[in-house]
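Input: a single structure, listed below in structure tokens.
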Amino acid sequence: MSSASNVTSESPGTPTAVGQAVEPAAGASGSGPKPGRGSSDAGLRAQGVAPKRRVEVRGKVLTGACVAVVAALVVALIVMICGQGVQTFTKDGVPFSKFLFGTAWNPTRTDADGVPYVGALPMIAGSFSVTLLSCLFALPFALGSSIFVVEVAPRFGTRIFRPVTEVLVGIPSVVFGMIGLYVIVPLIRSIVGGTGYGIMSASIVLAVMILPTVTSLSIDAIASVPESYREGSLGLGCTRWQTIVHVVLPSALPGILTAIVLGMTRAFGEALAVQMVIGSGGASVMPTSLFKAATTLTSVITMNIGNQAQGTLYYDALWSLAMVLLVMSLLFILIVRLIGRKGSVKND
Amino acid sequence: MTRSDKAATNAADAAPRAGAQTGATRAASAMDADTAASMARRARRSDHVATGVLAVLVGVVCLLTVAMVVYILASGGTKMLDWSFLTSNPSDGGIGPEIFNSFYLLFLTLLISLPLSLGAAIFLTQYAPSGPVTTCIKTIIEVLSSLPSIVVGLFGFLVFVIKFGWQFSIIAGACALTMFNLPIMVRVIQQALEAVPRGQRDAGLAMGLTRWETTIHVLIPSAIPAIVTGVILSAGRVFGEAAALIYTAGQSAPAIDFTNFDITSASCPWNVFRPAETLAVHIWKLNSESVVTDAAAISAGTAAFLVACILVFNILARIIGRALEKKVTAA
């Protein structure tokens, strides 16, 4: 990338050949300045600065390579999953609209027109239902706790509440799923009847799972509201609650929205815990009730991808679901970005 | 800026936001004294009520967490303390190979992801030129951190298991977990490096050290406590991860034999090309498609052991972090 400029800056004629001088030249390029190195090195060594320069370049190349590997992995992931996901449309010739808006999922059968039943809408609807519901359940607790530990009892926050949320964060998702299976599902069954599996059980489990994410990010958002705002409001004679509602929360809004969207991202992508309690064994039909077995994108992928032979339409269709999942999480990140930009403009 | 100056600016800052209050206060001053008093009383009462509601919400969250941990440990506690359960094979209802697989996989994952994330974090904090490339890299890491772990697992399945022909294997699992773990580690190390007082770095540079030397000899030693704490905490997350593993490290745990040192044999514990079910995957498998009769009891015991391990990780992270902190600041 900038290997040419590297060579020039390494030429014997450059007098200021100490650490900093290299920076602008080497940039993010991972490629070492191989050509012409020997001669310029000899010149630099004569000036007594070559080893330092070499150390610096080596460090930069080494760390730059790490970054390049990470970036390459992510790009490869997006390209490969999308490449596999579009095969349903390119190789198997399923119209994209039938996939996205079709309401029947049974890839081994075809409809009257000879197009297989690969409607993904039931799963997409299922994923969005559990995501939105779980956020709805988690939000009051997350927001309430974060206000409490920042505004009311900061010592309680650092001493007790933070360790508690760290424990909650650490509990693996399969364990949440298991608790859901042994506690929530029977509970729902005894209250509402039916099997107990379904969107409601999944949402409750997810709500607990995303609670620590939303809470800790909201705490950060609320804590970053300048102290002067609070002092100003309190100085005007407002109570603490009035200050919170009219001053602190509006200023922290972008951060709180980011917290909610990141919580939603986690809920949308969670696979195993959801799959365990949503009762995904059944066929994929549009969800009609919160208390009936349903499916999400993740649950269908998890259950089926290991059982389908490569190259079959069913297999390809599952990868298309994975692609939808990927695109959705990219969209969530975009939303976070947009909120962040708006928030920073507002606070400036 | 003096204190009173600051207060004045504060009030000015808050004025537009607290518009409703200023209006209310002004109106109140014009009103009868008793109306104002009743308004103030009402405001105070709603303040008390709100504080009470908040306290209840916090209490529920804390109780919920404690109840969950107690439930897990209580329902699987007796099973967890049974030595034969911890050492025997899954065919006999035990979790011996799973325990070893989990720790081995964690070790391999850290072995790959630690140098990578250390390098990436150093580049991002020390070298990255501010420009489109760096912004792009930061976005990429953010993308990676919010990808669903099942998607990472599918990528691992596609690339490591199928394309590279590694089959379901520990190494494929370790690579998938590395991708899952990288963004967390990079962020942790980045924060640790950025938290080192700027003066230390400037002093290093002013002494004629290069950035690389400053990083290695000054920044990293003083950031070590935070880095170690962060790495152990992320290890806890890796330890409990299952979605990224079911299609990379596989869902079967062949019996392993610790006397077998033939690295190509399927029963050699150190063979990285053998399929390896971990504790978390075991729990999922028992509960979703198991034919074992006492699946509930086994999965409860496994969950108890898993959560106990993660709690130990959490406590260790604190203790070691504090000990290192003391050592670094004392030296």
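Residue numbering restarts at 1 for every chain of the structure tokens, chains are lettered A, B, ... in their displayed order, and ligands are numbered from 1 as they appear.
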Exercise: stretch 166-174 of chain A partners within 8 Å, only C-alpha atoms, chain neighbours under 6 positions left out, as a PyMOL selection string: (chain A and resi 209+212-213+272-273) or (chain B and resi 65+236-237+240-242+280-281+283-284+307+310-311+314)
DSSP-assigned alpha helix (DSSP H) members of stretch 41-273 of chain B, reported as a PyMOL selection string: chain B and resi 41-80+83-87+96-122+132-146+149-156+170-194+198-206+211-214+220-240
Proximity to chain A - best of B:Cys62, B:Leu73, B:Ala253, B:Ile99, only C-alpha atoms: B:Cys62
Between atom CA of B:Ile298 and atom CA of B:Arg274, distance in Å (one decimal):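 If I compute the distance from atom CA of B:Ile298 to atom CA of B:Arg274, I get 23.7 Å.
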Chain B residues near chain A (7 Å cut-off, only C-alpha atoms) as a ChimeraX atom specification: /B:10-11,13-14,17-18,21,43-44,47,50,54-55,57-58,61-62,65,116,119-120,122-123,127-129,137,140,143-144,146-148,150-151,155,210-212,236-237,240-241,243,280,283-284,288,303,307,310
Long-range neighbours of B:Asp257 as a PyMOL selection string, 7 Å cut-off, only C-alpha atoms, 6 positions minimum in chain: chain B and resi 267-269
DSSP-assigned strand (DSSP E) among stretch 103-317 of chain A, expressed as a ChimeraX atom specification: /A:105-110,116-118
Keeping only N, CA and C atoms, write those residues as a PDB file, in the first residue's frame.
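Output below, filename part_15.pdb:
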ATOM      1  N   TRP A 105     -43.298 -23.037   5.507  1.00  0.00           N
ATOM      2  CA  TRP A 105     -41.915 -23.524   5.506  1.00  0.00           C
ATOM      3  C   TRP A 105     -41.935 -25.038   5.548  1.00  0.00           C
ATOM      4  N   ASN A 106     -41.616 -25.645   4.425  1.00  0.00           N
ATOM      5  CA  ASN A 106     -41.515 -27.104   4.369  1.00  0.00           C
ATOM      6  C   ASN A 106     -40.704 -27.460   3.135  1.00  0.00           C
ATOM      7  N   PRO A 107     -39.399 -27.221   3.182  1.00  0.00           N
ATOM      8  CA  PRO A 107     -38.571 -27.233   1.967  1.00  0.00           C
ATOM      9  C   PRO A 107     -38.538 -28.562   1.221  1.00  0.00           C
ATOM     10  N   THR A 108     -39.045 -29.632   1.836  1.00  0.00           N
ATOM     11  CA  THR A 108     -38.999 -30.900   1.119  1.00  0.00           C
ATOM     12  C   THR A 108     -40.182 -31.031   0.160  1.00  0.00           C
ATOM     13  N   ARG A 109     -41.163 -30.148   0.284  1.00  0.00           N
ATOM     14  CA  ARG A 109     -42.342 -30.215  -0.588  1.00  0.00           C
ATOM     15  C   ARG A 109     -42.399 -28.990  -1.480  1.00  0.00           C
ATOM     16  N   THR A 110     -43.099 -29.110  -2.606  1.00  0.00           N
ATOM     17  CA  THR A 110     -43.256 -27.964  -3.497  1.00  0.00           C
ATOM     18  C   THR A 110     -44.733 -27.649  -3.674  1.00  0.00           C
ATOM     19  N   PRO A 116     -40.649 -24.664  -4.079  1.00  0.00           N
ATOM     20  CA  PRO A 116     -40.675 -25.279  -2.747  1.00  0.00           C
ATOM     21  C   PRO A 116     -41.218 -24.317  -1.685  1.00  0.00           C
ATOM     22  N   TYR A 117     -41.766 -24.904  -0.623  1.00  0.00           N
ATOM     23  CA  TYR A 117     -42.249 -24.081   0.490  1.00  0.00           C
ATOM     24  C   TYR A 117     -41.071 -23.613   1.331  1.00  0.00           C
ATOM     25  N   VAL A 118     -40.527 -22.466   1.003  1.00  0.00           N
ATOM     26  CA  VAL A 118     -39.413 -21.963   1.813  1.00  0.00           C
ATOM     27  C   VAL A 118     -39.733 -20.575   2.357  1.00  0.00           C
TER      28      VAL A 118
END
